[in-house]
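**Student:** Contents are mmCIF, C-alpha atoms and all ligand atoms; file name final28.cif:
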data_entry
loop_
_atom_site.label_atom_id
_atom_site.label_comp_id
_atom_site.auth_asym_id
_atom_site.auth_seq_id
_atom_site.Cartn_x
_atom_site.Cartn_y
_atom_site.Cartn_z
CA MET A 1 12.06 19.64 8.32
CA ALA A 2 14.34 18.12 5.73
CA SER A 3 12.72 16.86 2.57
CA SER A 4 14.07 13.92 0.59
CA ASP A 5 17.64 14.05 -0.60
CA ALA A 6 18.67 14.44 -4.23
CA SER A 7 19.23 10.71 -4.59
CA GLY A 8 15.44 10.44 -4.65
CA LEU A 9 15.71 11.53 -8.31
CA VAL A 10 18.02 8.78 -9.49
CA GLY A 11 16.35 6.72 -12.20
CA ARG A 12 13.02 8.52 -11.78
CA ARG A 13 11.19 9.40 -14.97
CA VAL A 14 10.23 13.07 -15.16
CA VAL A 15 8.09 14.30 -18.04
CA LEU A 16 9.08 17.97 -18.31
CA GLY A 17 6.36 20.01 -20.01
CA ILE A 18 7.50 23.39 -21.31
CA SER A 19 4.80 25.80 -22.40
CA GLY A 20 5.04 29.11 -24.20
CA GLY A 21 6.26 31.81 -21.87
CA ILE A 22 9.49 33.75 -21.81
CA ALA A 23 10.40 31.75 -18.68
CA ALA A 24 10.87 28.73 -20.98
CA TYR A 25 14.54 29.66 -21.01
CA LYS A 26 14.71 28.93 -17.26
CA ALA A 27 13.35 25.43 -17.86
CA ILE A 28 16.68 24.70 -19.54
CA GLU A 29 18.36 25.02 -16.16
CA VAL A 30 15.65 22.93 -14.50
CA CYS A 31 16.16 20.19 -17.12
CA ARG A 32 19.92 20.23 -16.64
CA ARG A 33 19.67 20.02 -12.84
CA LEU A 34 17.20 17.12 -12.97
CA VAL A 35 19.43 15.17 -15.36
CA ASP A 36 22.52 15.94 -13.26
CA ALA A 37 20.69 14.57 -10.21
CA GLY A 38 20.10 11.27 -12.03
CA ALA A 39 16.54 11.70 -13.30
CA HIS A 40 15.44 10.53 -16.73
CA VAL A 41 13.91 13.65 -18.29
CA ALA A 42 11.47 13.35 -21.21
CA PRO A 43 10.87 16.89 -22.52
CA VAL A 44 7.56 17.85 -24.12
CA MET A 45 7.27 21.30 -25.68
CA THR A 46 4.13 23.15 -26.75
CA ALA A 47 4.03 25.10 -29.99
CA GLY A 48 4.25 28.33 -27.95
CA ALA A 49 7.40 27.16 -26.16
CA GLU A 50 9.15 26.75 -29.50
CA HIS A 51 8.79 30.49 -30.07
CA PHE A 52 11.08 31.05 -27.09
CA VAL A 53 13.52 28.13 -27.07
CA GLY A 54 14.71 25.78 -29.79
CA ARG A 55 13.82 22.11 -29.41
CA THR A 56 17.47 21.14 -30.02
CA THR A 57 18.38 22.61 -26.64
CA PHE A 58 16.01 20.33 -24.72
CA SER A 59 16.86 17.32 -26.91
CA ALA A 60 20.54 17.87 -26.11
CA LEU A 61 20.07 18.40 -22.38
CA GLY A 62 17.20 15.96 -21.74
CA SER A 63 17.45 12.20 -21.59
CA GLU A 64 15.56 11.66 -24.83
CA PRO A 65 14.54 13.77 -27.85
CA VAL A 66 11.89 16.44 -27.34
CA GLN A 67 8.35 15.48 -28.28
CA THR A 68 6.04 18.20 -29.53
CA SER A 69 3.20 16.59 -31.42
CA LEU A 70 0.51 13.96 -31.08
CA TRP A 71 0.82 13.14 -34.75
CA ASP A 72 4.35 13.34 -36.13
CA GLY A 73 6.36 10.81 -34.11
CA PRO A 74 6.71 7.05 -34.62
CA ASN A 75 4.49 6.34 -31.58
CA PRO A 76 0.77 6.59 -32.50
CA ILE A 77 -0.25 7.29 -28.89
CA PRO A 78 2.63 9.29 -27.36
CA HIS A 79 0.49 10.90 -24.66
CA THR A 80 -0.56 7.63 -23.06
CA SER A 81 2.95 6.21 -23.03
CA LEU A 82 4.33 9.47 -21.62
CA GLY A 83 1.57 9.69 -19.01
CA GLN A 84 1.66 6.06 -17.96
CA THR A 85 5.42 5.76 -17.62
CA ALA A 86 6.03 9.04 -15.78
CA ASP A 87 6.92 9.06 -12.09
CA VAL A 88 6.06 12.74 -12.08
CA ILE A 89 4.97 15.35 -14.61
CA LEU A 90 6.48 18.80 -14.17
CA VAL A 91 5.15 21.74 -16.18
CA ALA A 92 7.59 24.66 -16.08
CA PRO A 93 6.65 27.22 -17.09
CA ALA A 94 2.89 26.63 -16.99
CA THR A 95 1.06 29.32 -18.95
CA ALA A 96 -2.48 30.55 -18.27
CA ARG A 97 -3.59 28.53 -21.31
CA VAL A 98 -2.13 25.25 -20.08
CA LEU A 99 -3.55 25.79 -16.57
CA ALA A 100 -6.99 26.55 -18.05
CA ALA A 101 -6.95 23.57 -20.42
CA TYR A 102 -5.82 21.22 -17.65
CA ALA A 103 -8.44 22.53 -15.19
CA ALA A 104 -11.18 22.19 -17.83
CA GLY A 105 -10.02 18.75 -18.98
CA LEU A 106 -9.29 20.00 -22.50
CA SER A 107 -6.74 18.08 -24.52
CA THR A 108 -5.51 20.47 -27.16
CA ASP A 109 -1.93 19.30 -27.72
CA LEU A 110 0.55 16.64 -26.64
CA LEU A 111 1.24 18.25 -23.24
CA THR A 112 -2.41 18.68 -22.23
CA ASN A 113 -3.24 15.17 -23.50
CA THR A 114 -0.39 13.79 -21.40
CA LEU A 115 -1.64 15.64 -18.31
CA LEU A 116 -5.03 13.98 -18.70
CA ALA A 117 -3.55 10.56 -19.46
CA THR A 118 -1.58 10.13 -16.25
CA ARG A 119 -2.05 9.02 -12.69
CA ALA A 120 1.42 10.27 -11.76
CA PRO A 121 1.70 13.30 -9.47
CA VAL A 122 1.74 16.58 -11.38
CA ILE A 123 3.60 19.76 -10.48
CA VAL A 124 2.76 23.00 -12.25
CA CYS A 125 4.96 26.09 -12.05
CA PRO A 126 2.91 29.04 -13.30
CA ALA A 127 4.69 31.99 -14.88
CA MET A 128 3.03 34.97 -16.51
CA HIS A 129 2.55 38.71 -16.20
CA THR A 130 1.12 39.94 -12.88
CA GLU A 131 -2.21 41.00 -14.43
CA MET A 132 -2.70 37.52 -15.88
CA TRP A 133 -1.57 35.72 -12.71
CA GLU A 134 -3.95 37.77 -10.57
CA HIS A 135 -6.91 37.39 -12.96
CA PRO A 136 -9.76 35.61 -11.14
CA ALA A 137 -10.05 33.05 -13.97
CA VAL A 138 -6.41 32.03 -13.58
CA GLN A 139 -6.67 31.92 -9.78
CA ALA A 140 -9.85 29.82 -10.04
CA ASN A 141 -8.11 27.36 -12.36
CA VAL A 142 -5.15 27.09 -9.99
CA ALA A 143 -7.55 26.50 -7.07
CA THR A 144 -9.33 23.76 -9.05
CA LEU A 145 -6.05 22.04 -9.84
CA ARG A 146 -4.89 22.27 -6.22
CA ALA A 147 -8.17 20.76 -5.02
CA ARG A 148 -7.53 17.83 -7.36
CA GLY A 149 -4.15 17.18 -5.78
CA VAL A 150 -1.93 18.99 -8.28
CA HIS A 151 1.16 20.59 -6.72
CA VAL A 152 1.59 24.27 -7.48
CA VAL A 153 5.01 25.89 -7.20
CA GLU A 154 3.93 29.49 -6.74
CA PRO A 155 5.56 32.13 -8.94
CA GLU A 156 7.82 34.65 -7.27
CA SER A 157 7.62 38.43 -7.26
CA GLY A 158 10.31 40.22 -9.19
CA ARG A 159 11.29 41.71 -12.51
CA LEU A 160 9.24 40.40 -15.43
CA ALA A 161 9.70 40.53 -19.18
CA GLY A 162 9.46 44.11 -20.47
CA GLY A 163 10.81 45.54 -17.20
CA ASP A 164 7.59 45.33 -15.16
CA VAL A 165 7.92 44.27 -11.53
CA GLY A 166 5.34 42.08 -9.76
CA ALA A 167 4.13 38.58 -8.99
CA GLY A 168 4.30 36.02 -11.78
CA ARG A 169 7.99 35.27 -12.28
CA LEU A 170 8.74 31.56 -12.57
CA ALA A 171 10.01 30.07 -9.30
CA SER A 172 13.76 29.51 -9.17
CA PRO A 173 15.22 26.29 -10.64
CA GLU A 174 16.30 25.38 -7.07
CA ALA A 175 12.72 25.70 -5.78
CA ILE A 176 11.33 23.71 -8.73
CA VAL A 177 13.84 20.87 -8.40
CA ALA A 178 13.22 20.81 -4.61
CA ALA A 179 9.49 20.43 -5.29
CA VAL A 180 10.20 17.47 -7.61
CA GLU A 181 12.41 15.92 -4.94
CA ARG A 182 9.75 16.42 -2.31
CA VAL A 183 7.01 14.92 -4.44
CA LEU A 184 9.13 11.96 -5.48
CA GLY A 185 10.57 11.65 -1.98
CA GLY A 186 6.96 11.47 -0.89
CA GLY A 187 7.09 8.20 -2.80
CA ARG A 188 7.66 6.96 0.75
CA PHE A 189 3.85 6.87 0.68
CA ALA A 190 3.82 4.70 -2.46
CA GLY A 191 2.11 1.41 -1.62
CA LEU A 192 0.53 2.87 1.53
CA HIS A 193 -3.19 3.02 2.13
CA VAL A 194 -4.24 6.28 3.77
CA VAL A 195 -7.79 6.67 5.09
CA VAL A 196 -9.00 10.21 5.81
CA SER A 197 -12.36 11.30 7.24
CA ALA A 198 -13.66 14.76 6.39
CA GLY A 199 -16.62 17.02 7.11
CA GLY A 200 -19.15 17.23 9.89
CA THR A 201 -21.64 14.46 10.60
CA ARG A 202 -25.37 15.13 10.41
CA GLU A 203 -27.63 13.41 12.91
CA PRO A 204 -31.31 13.22 11.93
CA ILE A 205 -33.98 14.73 14.17
CA ASP A 206 -36.78 13.89 11.75
CA ALA A 207 -37.21 13.40 8.00
CA VAL A 208 -35.95 16.91 7.20
CA ARG A 209 -33.99 18.25 10.18
CA VAL A 210 -30.51 17.37 11.38
CA ILE A 211 -28.02 18.25 14.10
CA ALA A 212 -24.99 19.46 12.16
CA ASN A 213 -21.82 21.47 12.70
CA ARG A 214 -19.78 24.04 10.77
CA SER A 215 -17.03 21.76 9.46
CA SER A 216 -16.37 22.35 5.73
CA GLY A 217 -14.24 19.24 5.19
CA LYS A 218 -11.51 21.33 3.51
CA GLN A 219 -8.70 20.24 5.86
CA GLY A 220 -9.50 16.54 5.38
CA TYR A 221 -9.61 16.99 1.59
CA ALA A 222 -6.26 18.81 1.67
CA ILE A 223 -4.73 15.88 3.58
CA ALA A 224 -6.21 13.43 1.07
CA ALA A 225 -4.81 15.48 -1.84
CA GLU A 226 -1.36 15.66 -0.26
CA ALA A 227 -1.30 11.92 0.49
CA LEU A 228 -2.25 11.20 -3.14
CA ALA A 229 0.45 13.51 -4.38
CA ARG A 230 2.93 11.51 -2.30
CA GLY A 231 1.92 8.30 -4.03
CA ALA A 232 -0.49 6.80 -1.47
CA SER A 233 -3.75 5.13 -2.33
CA VAL A 234 -6.34 7.18 -0.51
CA THR A 235 -9.86 6.55 0.69
CA LEU A 236 -11.84 9.59 1.75
CA VAL A 237 -14.76 9.02 4.11
CA THR A 238 -16.73 12.20 3.72
CA THR A 239 -19.96 13.95 4.59
CA VAL A 240 -19.40 16.83 2.15
CA ASP A 241 -19.54 17.28 -1.59
CA LEU A 242 -16.27 19.04 -2.48
CA PRO A 243 -14.31 18.22 -5.68
CA VAL A 244 -12.66 14.87 -5.02
CA PRO A 245 -8.84 14.87 -5.32
CA HIS A 246 -7.97 12.93 -8.47
CA GLY A 247 -7.46 9.27 -7.72
CA ALA A 248 -9.11 9.14 -4.27
CA ALA A 249 -11.73 6.50 -3.55
CA VAL A 250 -14.74 8.02 -1.82
CA ARG A 251 -17.18 6.69 0.78
CA SER A 252 -20.00 9.15 1.32
CA VAL A 253 -21.57 9.01 4.77
CA GLU A 254 -23.85 11.23 6.78
CA THR A 255 -24.12 10.13 10.40
CA ALA A 256 -21.58 9.26 13.08
CA ALA A 257 -22.82 5.66 12.98
CA GLN A 258 -22.20 5.42 9.21
CA MET A 259 -18.80 7.05 9.57
CA GLN A 260 -17.90 4.63 12.37
CA GLU A 261 -18.84 1.62 10.24
CA ALA A 262 -16.82 2.86 7.24
CA MET A 263 -13.79 3.87 9.33
CA GLN A 264 -13.63 0.62 11.27
CA GLU A 265 -13.80 -1.42 8.08
CA LEU A 266 -11.22 0.67 6.18
CA ALA A 267 -8.84 1.24 9.09
CA ALA A 268 -8.38 -2.50 9.55
CA ASP A 269 -5.80 -2.57 6.75
CA ALA A 270 -4.77 1.08 6.55
CA ASP A 271 -1.22 2.27 7.11
CA VAL A 272 -2.25 5.78 8.08
CA VAL A 273 -5.64 6.92 9.41
CA VAL A 274 -6.50 10.60 9.79
CA MET A 275 -9.76 11.51 11.56
CA ALA A 276 -10.18 15.08 10.35
CA ALA A 277 -13.98 14.88 10.50
CA ALA A 278 -15.99 16.81 13.08
CA VAL A 279 -18.17 14.09 14.54
CA ALA A 280 -21.31 15.11 16.43
CA ASP A 281 -20.95 14.32 20.12
CA PHE A 282 -24.70 13.82 20.63
CA ARG A 283 -27.53 12.53 18.47
CA PRO A 284 -31.28 12.15 18.95
CA VAL A 285 -32.06 8.79 20.51
CA ARG A 286 -34.81 8.33 17.96
CA ALA A 287 -35.39 10.25 14.70
CA ALA A 288 -39.03 10.86 13.82
CA THR A 289 -39.93 9.08 10.59
CA GLY A 290 -41.88 11.99 9.09
CA LYS A 291 -41.49 15.74 9.55
CA ILE A 292 -42.28 16.92 13.07
CA LYS A 293 -45.16 19.39 12.72
CA LYS A 294 -44.71 22.74 14.42
CA ASP A 295 -48.39 22.91 15.46
CA GLY A 296 -47.76 19.91 17.73
CA GLY A 297 -45.87 22.17 20.18
CA VAL A 298 -42.13 22.36 20.86
CA PRO A 299 -40.80 18.80 20.57
CA GLU A 300 -38.70 17.27 23.28
CA ILE A 301 -35.60 15.80 21.65
CA VAL A 302 -33.75 13.32 23.81
CA LEU A 303 -30.06 13.06 22.96
CA GLU A 304 -27.55 10.30 23.53
CA PRO A 305 -23.76 10.33 23.04
CA THR A 306 -22.41 9.17 19.69
CA PRO A 307 -19.68 6.51 19.66
CA ASP A 308 -16.16 7.95 19.84
CA ILE A 309 -14.93 6.63 16.48
CA LEU A 310 -11.35 7.68 17.03
CA ALA A 311 -11.08 6.12 20.49
CA GLY A 312 -12.42 2.89 18.96
CA LEU A 313 -9.78 3.03 16.21
CA GLY A 314 -7.10 3.69 18.85
CA ALA A 315 -8.21 0.65 20.86
CA THR A 316 -8.02 -1.70 17.86
CA LYS A 317 -5.11 -0.10 15.99
CA PRO A 318 -3.01 -2.62 14.03
CA VAL A 319 0.72 -2.68 14.78
CA GLY A 320 2.61 -0.11 12.71
CA GLN A 321 -0.42 1.99 11.82
CA ILE A 322 -0.15 5.74 12.38
CA LEU A 323 -3.37 7.16 13.82
CA VAL A 324 -3.94 10.91 13.65
CA GLY A 325 -6.75 12.83 15.35
CA PHE A 326 -7.82 16.44 15.37
CA ALA A 327 -8.78 18.61 18.32
CA ALA A 328 -10.77 21.79 17.83
CA GLU A 329 -10.35 23.76 21.03
CA THR A 330 -11.25 27.20 22.31
CA SER A 331 -9.03 27.17 25.44
CA ASP A 332 -6.04 25.30 26.92
CA LEU A 333 -5.17 24.08 23.43
CA VAL A 334 -2.07 22.02 24.17
CA ALA A 335 -3.21 20.52 27.50
CA ASN A 336 -6.62 19.49 26.13
CA ALA A 337 -5.16 18.09 22.92
CA ARG A 338 -2.47 16.14 24.78
CA ALA A 339 -5.12 14.61 27.06
CA LYS A 340 -7.03 13.46 23.96
CA LEU A 341 -3.86 12.06 22.39
CA GLU A 342 -3.35 9.87 25.47
CA ARG A 343 -6.98 8.94 26.06
CA LYS A 344 -7.65 7.95 22.44
CA ARG A 345 -4.24 6.24 22.04
CA LEU A 346 -3.18 8.35 19.06
CA ASP A 347 0.21 8.79 17.46
CA LEU A 348 -0.45 12.43 16.57
CA ILE A 349 -3.06 15.04 17.29
CA VAL A 350 -3.53 18.22 15.28
CA ALA A 351 -4.92 20.92 17.54
CA ASN A 352 -6.41 24.18 16.41
CA ASP A 353 -7.79 27.11 18.34
CA VAL A 354 -11.05 27.55 16.47
CA ALA A 355 -11.73 30.86 18.23
CA ALA A 356 -8.71 32.47 16.50
CA PRO A 357 -9.31 34.48 13.27
CA GLY A 358 -8.84 32.50 10.03
CA VAL A 359 -8.49 29.18 11.87
CA GLY A 360 -10.41 25.95 11.50
CA PHE A 361 -14.01 25.46 10.44
CA GLN A 362 -15.00 26.82 7.00
CA HIS A 363 -11.80 28.81 6.43
CA ASP A 364 -9.29 28.08 3.66
CA THR A 365 -6.55 28.62 6.23
CA ASN A 366 -5.60 27.00 9.49
CA ALA A 367 -3.04 27.40 12.28
CA VAL A 368 -2.24 24.27 14.24
CA THR A 369 -0.08 22.71 16.88
CA ILE A 370 0.81 19.10 16.11
CA LEU A 371 1.49 16.96 19.17
CA GLY A 372 2.93 13.47 19.30
CA ARG A 373 3.98 10.95 21.90
CA GLY A 374 6.59 12.11 24.34
CA ALA A 375 7.22 15.80 23.87
CA LEU A 376 6.93 15.95 20.09
CA GLN A 377 5.40 19.33 19.38
CA CYS A 378 5.38 21.45 16.26
CA THR A 379 3.53 24.64 15.41
CA VAL A 380 2.32 25.62 11.94
CA PRO A 381 1.41 29.34 11.89
CA LEU A 382 -1.58 30.55 9.84
CA ALA A 383 -1.27 28.98 6.38
CA ASP A 384 -3.47 27.42 3.71
CA LYS A 385 -4.84 24.01 4.60
CA ARG A 386 -2.61 22.26 2.06
CA THR A 387 0.45 23.63 3.88
CA VAL A 388 -0.93 22.21 7.13
CA ALA A 389 -1.46 18.88 5.32
CA VAL A 390 2.19 18.92 4.19
CA ALA A 391 3.35 19.46 7.78
CA VAL A 392 1.13 16.67 9.16
CA LEU A 393 2.24 14.15 6.53
CA ASP A 394 5.91 15.13 6.90
CA ILE A 395 5.64 14.17 10.58
CA VAL A 396 3.74 10.98 9.73
CA SER A 397 6.60 10.10 7.33
CA GLN A 398 9.11 10.76 10.04
CA LEU A 399 7.24 8.59 12.55
CA ARG A 400 6.99 5.75 10.02
CA ALA A 401 10.72 6.01 9.32
CA GLU A 402 11.41 5.89 13.06
CA THR A 403 8.96 3.12 13.88
CA SER A 404 11.55 0.39 14.29
CA THR A 405 13.71 2.54 16.54
CA PHE A 406 10.99 4.78 17.92
CA ASP A 407 11.54 5.58 21.58
CA PRO A 408 8.19 6.11 23.28
CA SER A 409 9.77 7.64 26.38
CA PRO A 410 9.41 11.37 26.79
CA HIS A 411 11.87 13.26 24.64
CA HIS A 412 11.76 16.78 23.40
CA ARG A 413 11.95 17.68 19.76
CA SER A 414 11.30 20.92 18.06
CA LEU A 415 10.23 20.49 14.46
CA THR A 416 9.97 23.23 11.91
CA PRO A 417 7.94 22.10 8.92
O1 LIG B 501 -13.04 14.51 21.81
P1 LIG B 501 -13.06 15.38 20.61
O2 LIG B 501 -14.40 15.39 19.92
O3 LIG B 501 -12.55 16.77 20.81
O4 LIG B 501 -11.99 14.69 19.64
C1 LIG B 501 -11.77 15.14 18.35
C2 LIG B 501 -11.23 14.01 17.51
O5 LIG B 501 -11.99 12.83 17.74
C3 LIG B 501 -11.36 14.29 16.02
O6 LIG B 501 -10.28 13.67 15.35
C4 LIG B 501 -12.70 13.64 15.67
O7 LIG B 501 -12.69 13.23 14.30
C5 LIG B 501 -12.74 12.46 16.61
N1 LIG B 501 -14.08 12.07 17.10
C6 LIG B 501 -14.58 10.83 16.81
N2 LIG B 501 -15.82 10.44 17.27
C7 LIG B 501 -16.55 11.28 18.03
C8 LIG B 501 -16.04 12.55 18.34
C9 LIG B 501 -14.82 12.93 17.87
O8 LIG B 501 -13.91 10.06 16.12
N3 LIG B 501 -17.75 10.89 18.47
#
Please, can you express the file's structure as structure tokens?
Ligand code: C5P

**Tutor:**
Amino acid sequence: MASSDASGLVGRRVVLGISGGIAAYKAIEVCRRLVDAGAHVAPVMTAGAEHFVGRTTFSALGSEPVQTSLWDGPNPIPHTSLGQTADVILVAPATARVLAAYAAGLSTDLLTNTLLATRAPVIVCPAMHTEMWEHPAVQANVATLRARGVHVVEPESGRLAGGDVGAGRLASPEAIVAAVERVLGGGRFAGLHVVVSAGGTREPIDAVRVIANRSSGKQGYAIAAEALARGASVTLVTTVDLPVPHGAAVRSVETAAQMQEAMQELAADADVVVMAAAVADFRPVRAATGKIKKDGGVPEIVLEPTPDILAGLGATKPVGQILVGFAAETSDLVANARAKLERKRLDLIVANDVAAPGVGFQHDTNAVTILGRGALQCTVPLADKRTVAVAVLDIVSQLRAETSTFDPSPHHRSLTP
């Protein structure tokens, strides 16, 4: 699916952080392309970067002189003004040190201070030798940053400094500029309120026991992180305790009833609602107040259906809201999901075959078929959950753009995210 066009960069303020790797020379091309496309580029170099490229180069090609220090310029607080005025912060190349400092919240220089002093979306483009890139510490830091909503433009495999060949080469300038365009183009979500539910509900049997399910909440968190990265304000209604994507508001809930209350309240003025949570279908009619003793014999637990939160949201959906549901299936994926889409009055349903390897509950990966009204249907093969989130929100964007002219009659489209 097409991302935003280059005009999305015109007048946008990009803080370009350059850290100390040999790939700093490629950031020159990135800087030039961003400026050519109409962006205002404010370059920030680390001390390490200056070993590879002279600051004059970036001052000449950028939209303003390079900044390198917290202390030497006329502005006493350069990091806050850089961070607060940025539309996006791009770090290319991002060294292992910068990734580690950012993940740990360490502010050791102007660039890392700026990264901590911003609410703008951040894109990091790691580049380093293969051994460093594959080190578990580096991978853990990248995973932490991703979970907080930071965009990562993965390094490529190829020839590295010194003649070695392997993963770790900075992504191409084209790929990096495309990522900036996509993130800024995602500004289509700026001003939107996105509400996402995540995790499985827990229904009490007694004071210590619950009926639960295997949902990890990871897909809902990935959608929240992607919506934040696109400029939305995001509220996450969650039953799990994963690291919260930076900037998300959180409502912690446990039961289907609590989730229903939170979702109904928040959905009333939401632009996009995504029910990624796995809600229990049945709950005990009455939870025992204390712990049920096992010497009292096997207890009889009478169950009742939980409310269908999503169907309720579909029935009361405000005009213009996009409502997205999930369907975990083990057979007849498309037919079952399409029936749910109709019955619950959804705009989109994201169906996954949870019996397939690597798919759905508890995995870091997912493979889904996204169905919409009419014959809208799009398949995302096995990919990390953030990639699935990108595909879902790309289609949400497209539906929002089409809303005024949207034709609800059956029509066939084949979308490739
Ligand atoms: O009907 P089924 O449970 O398969 O539908 C799945 C979708 O409905 C998910 O988006 C889930 O969050 C939502 N759901 C709900 N309330 C329930 C059960 C499911 O909102 N009681």

**Student:** Return as a VMD selection string the residues of protein, DNA or RNA that approach ligand LIG 501 (chain B) to within 6 Å, with only C-alpha atoms and all ligand atoms taken into account.

**Tutor:** chain A and resid 275 to 281 306 to 310 325 to 327

**Student:** Just the residues within 9 Å of range 242-256 of chain A, please, counting all atoms listed in the file, with nothing from its chain fewer than 3 positions along; format it as a PyMOL selection string.

**Tutor:** chain A and resi 119+144-150+200-204+216-218+221-222+224-225+228+233-239+259-262+279-281+283+306-309

**Student:** Hey, what's within 9 Å of range 77-87 of chain A if we count only C-alpha atoms and toss same-chain stuff fewer than 4 positions away? As a list in words, please?

**Tutor:** Arg12, Arg13, Val14, Val15, Ala42, Gln67, Ser69, Leu70, Trp71, Gly73, Leu110, Leu111, Thr112, Asn113, Thr114, Leu115, Leu116, Ala117, Thr118, Arg119, Ala120, Pro121 and Leu184 of chain A

**Student:** Take the residues from that selection and write them out as a tab-separated table (two decimals), in the coordinates of the input, keeping C-alpha atoms.

**Tutor:**
chain	number	residue	atom	x	y	z
A	12	ARG	CA	13.02	8.52	-11.78
A	13	ARG	CA	11.19	9.40	-14.97
A	14	VAL	CA	10.23	13.07	-15.16
A	15	VAL	CA	8.09	14.30	-18.04
A	42	ALA	CA	11.47	13.35	-21.21
A	67	GLN	CA	8.35	15.48	-28.28
A	69	SER	CA	3.20	16.59	-31.42
A	70	LEU	CA	0.51	13.96	-31.08
A	71	TRP	CA	0.82	13.14	-34.75
A	73	GLY	CA	6.36	10.81	-34.11
A	110	LEU	CA	0.55	16.64	-26.64
A	111	LEU	CA	1.24	18.25	-23.24
A	112	THR	CA	-2.41	18.68	-22.23
A	113	ASN	CA	-3.24	15.17	-23.50
A	114	THR	CA	-0.39	13.79	-21.40
A	115	LEU	CA	-1.64	15.64	-18.31
A	116	LEU	CA	-5.03	13.98	-18.70
A	117	ALA	CA	-3.55	10.56	-19.46
A	118	THR	CA	-1.58	10.13	-16.25
A	119	ARG	CA	-2.05	9.02	-12.69
A	120	ALA	CA	1.42	10.27	-11.76
A	121	PRO	CA	1.70	13.30	-9.47
A	184	LEU	CA	9.13	11.96	-5.48

**Student:** Nearest residue to Asp394 in chain A out of A:Ala375, A:Ile223, A:Val302, A:Ala49, using only C-alpha atoms?

**Tutor:** A:Ile223

**Student:** Set the distance at 7 Å and use all atoms listed in the file: which residues neighbour Leu323 in chain A once local chain neighbours fewer than 3 positions away are removed? I'd like the list as a PyMOL selection string.

**Tutor:** chain A and resi 272-274+346-348

**Student:** Residues as selected, C-alpha atoms, written as a PDB file, in the coordinates of the input, can you do that?

**Tutor:**
ATOM      1  CA  VAL A 272      -2.250   5.780   8.080  1.00  0.00           C
ATOM      2  CA  VAL A 273      -5.640   6.920   9.410  1.00  0.00           C
ATOM      3  CA  VAL A 274      -6.500  10.600   9.790  1.00  0.00           C
ATOM      4  CA  LEU A 346      -3.180   8.350  19.060  1.00  0.00           C
ATOM      5  CA  ASP A 347       0.210   8.790  17.460  1.00  0.00           C
ATOM      6  CA  LEU A 348      -0.450  12.430  16.570  1.00  0.00           C
TER       7      LEU A 348
END

**Student:** With all atoms listed in the file as the basis for distance, which of A:Lys26, A:Leu16, A:Arg338, A:Ala47 is at the shortest distance from Glu64 in chain A?

**Tutor:**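 Between A:Lys26, A:Leu16, A:Arg338, A:Ala47, the residue approaching Glu64 in chain A most closely is A:Leu16.
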
**Student:** Dump as a tab-separated table the rows for residues of range 157-262 of chain A within 9 Å of range 88-96 of chain A: closest atom pair and distance in Å with one decimal, only C-alpha atoms counted, ordered by chain and rising residue number.

**Tutor:**
residue	atom	partner	partner_atom	distance
A:Leu170	CA	A:Pro93	CA	6.6
A:Ala171	CA	A:Pro93	CA	8.9
A:Ile176	CA	A:Ala92	CA	8.3
A:Val180	CA	A:Leu90	CA	7.7
A:Val183	CA	A:Val88	CA	8.0
A:Leu184	CA	A:Val88	CA	7.3

**Student:** Grab the residues selected above and save them as a PDB file, in the frame of the given file with C-alpha atoms.

**Tutor:**
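File part-v5.pdb, as written:
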ATOM      1  CA  LEU A 170       8.740  31.560 -12.570  1.00  0.00           C
ATOM      2  CA  ALA A 171      10.010  30.070  -9.300  1.00  0.00           C
ATOM      3  CA  ILE A 176      11.330  23.710  -8.730  1.00  0.00           C
ATOM      4  CA  VAL A 180      10.200  17.470  -7.610  1.00  0.00           C
ATOM      5  CA  VAL A 183       7.010  14.920  -4.440  1.00  0.00           C
ATOM      6  CA  LEU A 184       9.130  11.960  -5.480  1.00  0.00           C
TER       7      LEU A 184
END

**Student:** Which residue, A:Val210, A:Met263, A:Ala337, A:Ala167, has the smallest gap to Asp353 in chain A when you use all atoms listed in the file?

**Tutor:**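 That would be A:Ala337, the residue with the smallest distance to Asp353 in chain A.
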
**Student:** Calculate how many Å separate CA of Leu34 in chain A from CA of Ile123 in chain A, rounding to one decimal.

**Tutor:**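 Answer for the CA of Leu34 in chain A to CA of Ile123 in chain A separation: 14.1 Å.
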
**Student:** So, with all atoms listed in the file as the atoms that count, which of A:Ala104, A:Leu61, A:Val122, A:Ala268 lies closest to Gly17 in chain A?

**Tutor:**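 Among A:Ala104, A:Leu61, A:Val122, A:Ala268, it is A:Val122 that comes nearest to Gly17 in chain A.
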
**Student:** Near Gly162 in chain A, within 12 Å and counting all atoms listed in the file, which residues show up once chain neighbours fewer than 6 positions away are dropped, as an MDAnalysis selection string?

**Tutor:** chainID A and resid 22 128:129

**Student:** Given the selection you just returned, output its residues as a file containing C-alpha atoms, formatted as an mmCIF file, keeping the file's coordinate frame.

**Tutor:**
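After the write, result.cif holds the following:
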data_model
loop_
_atom_site.group_PDB
_atom_site.id
_atom_site.type_symbol
_atom_site.label_atom_id
_atom_site.label_comp_id
_atom_site.auth_asym_id
_atom_site.auth_seq_id
_atom_site.Cartn_x
_atom_site.Cartn_y
_atom_site.Cartn_z
ATOM 1 C CA ILE A 22 9.490 33.750 -21.810
ATOM 2 C CA MET A 128 3.030 34.970 -16.510
ATOM 3 C CA HIS A 129 2.550 38.710 -16.200
#
